[in-house]
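Input: a single structure, listed below in structure tokens.
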Amino acid sequence: MDIIIPIKQVPETSNVKMDKETGTMIREGVVSVINPLDLYAIETGIQLKEKFGGKVTVCTMGPQSAAKALKEAIAMGCDEGILISDRKFAGADTWATSYTISEAIKQLGSYDLIITGERATDGDTGQVGPGIAAWLGLPLATYVSKISDVTQESIIVERLVEDGYQILQMPLPALLTVVKEVSNPRLPTLRGKKKARAYEIQVMNAADLQLNEACIGLKGSPTRVIKIGYPKVTRSGKIVKASGDTGLNDAVDALLQFLEEKELI
Amino acid sequence: MSHVWTIAEQSKGKLRAVSFELLSRGRKLADKMGTKLCAVLLGANVSDESLQELIYRGADEVYFVDDHRLENFVVETYSNVLSDLIRQYKPHTILAAATSSGRTLMPHVAIQVTTGLTADCTELDIEEETNHLLQTRPAIGGNIMATIKTPNHSPQMATVRPKSSRPLALERTRQGKITRLALKEELLDPRVQVIGYREDTEEFANIEEAEVVVAGGKGMKKAENFTLLRELASHFNGVLGASRDAVDRGWLPYPHQVGLSGKTISPKLYICAGVSGSIQHLAGIKTSEYIVAINQDPDANIFRLADFGIVGNLFEVIPLINAKLAARKQKEGE
Ligand SMILES: Cc1cc2nc3c(=O)[nH]c(=O)nc-3n(C[C@H](O)[C@H](O)[C@H](O)COP(=O)(O)OP(=O)(O)OC[C@H]3O[C@@H](n4cnc5c(N)ncnc54)[C@H](O)[C@@H]3O)c2cc1C
Ligand SMILES: Nc1ncnc2c1ncn2[C@@H]1O[C@H](COP(=O)(O)O)[C@@H](O)[C@H]1O
């Protein structure tokens, strides 16, 4: 079973700065990690490989420094790492990103499964996985919480929906986006780290992929960020202390009064 | 031509509440542009009364693609059908719900019809001169609000967070047109089959669409203690949520997890007890209308975001709240 896992490198801190001109994020000087939600995709891929054989290829579209994320994934147990990188890709929205990644995947030859994270914690859209499936015409299951059965030709998965789990059977190759419930990510091993250090990441740029330039980067993105605002994080709420019997009673009465005022009870 | 569309959702033939929330959003936009508002629904076994309710709650027109093979959401076929409708009718704007189906369908459609899509918007407006849809959404864990537009592509598309708007009141005098459409065979994609359904073990886990969410964290100490919160939630017809620590300990299943690696919610009221308020947890609750926190630590981060906080032992505070709410209810009943 050959599996491709697109992963994203995201800033670790939640205090990221934005470029007011372009509306894109300033990444310089921020520690980057693998999107935490992509770890579940990576773990799922490695487990499937361990069970059925084959190989796991991770790929990421990002700056040269995103090679570090690929190495981390290899240290966890992935086999190959592909960096899709070009200045021309900068500023891509989910439409252009999913186009670029799907073109790169076409270059990678045959595969049985593509697994992405549910969403990236920075952009927070969850649109790239479904977008790649649409570009490649692959059957798609989003919010996958469990892989119940895999055969040569098909896969049965459970996907998390609003009031339960929908069970889907789909032919391979297919694309899954997975949620946290699907697996428990492992830590890199010492051996894995050694392998990752020696591994030479393959790089693909716009020319290698013969991309339609009108479809990549900021120029190829239908959406534009036109304004960035910083919402007030703190609310100056009322805080009461419930200490001692009267304190407790008064605090709860004050809460009930608050709920009444706001017409919540 | 150039209408505003909302994508209504149904489950087992019944319209989901978010369908009406979208109409109240759509109504404002359509009125601002002086155009019509249409609700588009894919499904089966939907009653005439339900379709009529879409009109009573703001739609001028309803397009219902009615076929038993559309009973369950399957993205491939749904995306083919919606893309086909878009090519045919050329709507100006499409709003869908940021639900498990809306967030799957719309990015798929965006590729098929070559346009932009903004996820999980909390505010929408129309730019005066251009009629562009201005789409505002939280990003980076709610730390920024980004306003996004799609200047050169059509339609303008956004998904909207459930519970971030109220449905319009039922107006039984509203008139509108209902059109039933047949499913074109060539749009049916048979590859993915829905072969089953499993309900969540906890009675109701739909925390994204709940008006009131009552959540517990590590401070709840053990699973059994969630009965306190269950009782509290029952006073509000609310549902249970949990911090990641509580979920990781197995006190509630994952669909109840609130936060960065769980769900982002915008209920009218969020009550939490024994939750410290880590950045990752706060990322999931920032757009709640009111936040009430109970924590014994006066310096707990959760109090920064609380509209009302009680510093105290939750094992004393919650039973007393429950008792007082029960007494209040009894008094009202008399
Ligand atoms: C990548 C990543 C993603 C994450 N995603 C999420 C997420 O989606 N959701 C999430 O919640 N967390 C998430 N976390 C974890 C987060 O960092 C915190 O560890 C977690 O939120 C803490 O949960 P808690 O508040 O229940 O526990 P704690 O931080 O241990 O807080 C327990 C609180 O209970 C209070 N308490 C104890 N006893 C009582 C009592 N008797 N009465 C009143 N108060 C009491 C204490 O004062 C304390 O403040 C994530 C972390 C990472 C790194
Ligand atoms: N630049 C990227 N390179 C590789 N994979 C990506 C990239 N952006 C997003 N993805 C994948 O798509 C998922 C959803 O991302 P997003 O749509 O940005 O929320 C992520 O969890 C990744 O698996």
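So you can find residues: chains in the structure tokens are A, B, ... in the order shown, residues in each start at 1, and ligands are numbered from 1 in order.
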
Practice task
Find the residues in chain A near chain B: any atom within 7 Å counts, using only C-alpha atoms. Write them as a count of residues only.
Solution key: 51

Exercise for the section: Could you give me, as a PyMOL selection string, the residues within 10 Å of segment 49-53 of chain A, counting only C-alpha atoms and dropping anything in the same chain fewer than 3 positions from it? Expected result: chain A and resi 1-3+43-46+56+77-78+150-152

Problem - Expected selection as an MDAnalysis selection string for ligand 2 within 8 Å, only C-alpha atoms and all ligand atoms - result: chainID A and resid 5:9 35 37:38 41 59:62 84 94 97:98 101 115:129 177

Filtering to C-alpha atoms, could you give me those residues as a PDB file, in the first residue's frame?
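Resulting contents of selection-v4.pdb:
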```
ATOM      1  CA  ILE A   5       0.713  12.419   2.963  1.00  0.00           C
ATOM      2  CA  PRO A   6       0.693  16.160   2.303  1.00  0.00           C
ATOM      3  CA  ILE A   7       1.763  17.921   5.476  1.00  0.00           C
ATOM      4  CA  LYS A   8       2.072  21.575   6.325  1.00  0.00           C
ATOM      5  CA  GLN A   9       4.633  23.364   8.389  1.00  0.00           C
ATOM      6  CA  ASN A  35       0.844  21.010  11.763  1.00  0.00           C
ATOM      7  CA  LEU A  37      -3.287  17.730  13.148  1.00  0.00           C
ATOM      8  CA  ASP A  38      -1.093  16.267  10.395  1.00  0.00           C
ATOM      9  CA  ALA A  41      -2.330  11.507   9.190  1.00  0.00           C
ATOM     10  CA  CYS A  59       5.205  16.073   0.755  1.00  0.00           C
ATOM     11  CA  THR A  60       4.894  19.694   1.645  1.00  0.00           C
ATOM     12  CA  MET A  61       4.512  22.899  -0.284  1.00  0.00           C
ATOM     13  CA  GLY A  62       6.475  25.614   1.420  1.00  0.00           C
ATOM     14  CA  ILE A  84       7.374  21.447  -3.376  1.00  0.00           C
ATOM     15  CA  THR A  94      -6.313  26.867  -0.740  1.00  0.00           C
ATOM     16  CA  THR A  97      -2.273  25.196  -2.982  1.00  0.00           C
ATOM     17  CA  SER A  98      -4.440  22.209  -3.790  1.00  0.00           C
ATOM     18  CA  ILE A 101       0.082  19.791  -4.582  1.00  0.00           C
ATOM     19  CA  ILE A 115      -4.090  11.171   3.686  1.00  0.00           C
ATOM     20  CA  THR A 116      -4.208  14.780   4.864  1.00  0.00           C
ATOM     21  CA  GLY A 117      -4.828  16.391   8.224  1.00  0.00           C
ATOM     22  CA  GLU A 118      -8.272  17.713   9.031  1.00  0.00           C
ATOM     23  CA  ARG A 119      -7.048  21.290   8.794  1.00  0.00           C
ATOM     24  CA  ALA A 120      -3.931  23.328   9.368  1.00  0.00           C
ATOM     25  CA  THR A 121      -3.845  25.228  12.645  1.00  0.00           C
ATOM     26  CA  ASP A 122      -2.703  28.481  11.011  1.00  0.00           C
ATOM     27  CA  GLY A 123      -4.991  28.967   8.013  1.00  0.00           C
ATOM     28  CA  ASP A 124      -7.551  26.751   9.663  1.00  0.00           C
ATOM     29  CA  THR A 125      -9.641  26.058   6.558  1.00  0.00           C
ATOM     30  CA  GLY A 126      -9.625  22.301   5.998  1.00  0.00           C
ATOM     31  CA  GLN A 127     -10.058  23.009   2.289  1.00  0.00           C
ATOM     32  CA  VAL A 128      -6.819  21.707   0.845  1.00  0.00           C
ATOM     33  CA  GLY A 129      -7.618  17.992   1.310  1.00  0.00           C
ATOM     34  CA  THR A 177      -8.732  13.670   5.730  1.00  0.00           C
TER      35      THR A 177
END
```

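Between atom 23 (O, counted along the ligand's line) of ligand 1 and atom CA of Gly241 of chain B there is a distance of 11.9 Å.
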
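Taking only C-alpha atoms and all ligand atoms into account, ligand 1 lies nearest to B:Cys272 out of the set B:Val65, B:Cys272, B:Ala327, B:Leu240.
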
Handout entry: Residue among B:Gly58, B:Gly284, B:Gly333, B:Pro155 lying closest to ligand 1, counting only C-alpha atoms and all ligand atoms
Key =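 When distances to ligand 1 are compared using only C-alpha atoms and all ligand atoms, the smallest one comes from B:Gly284.
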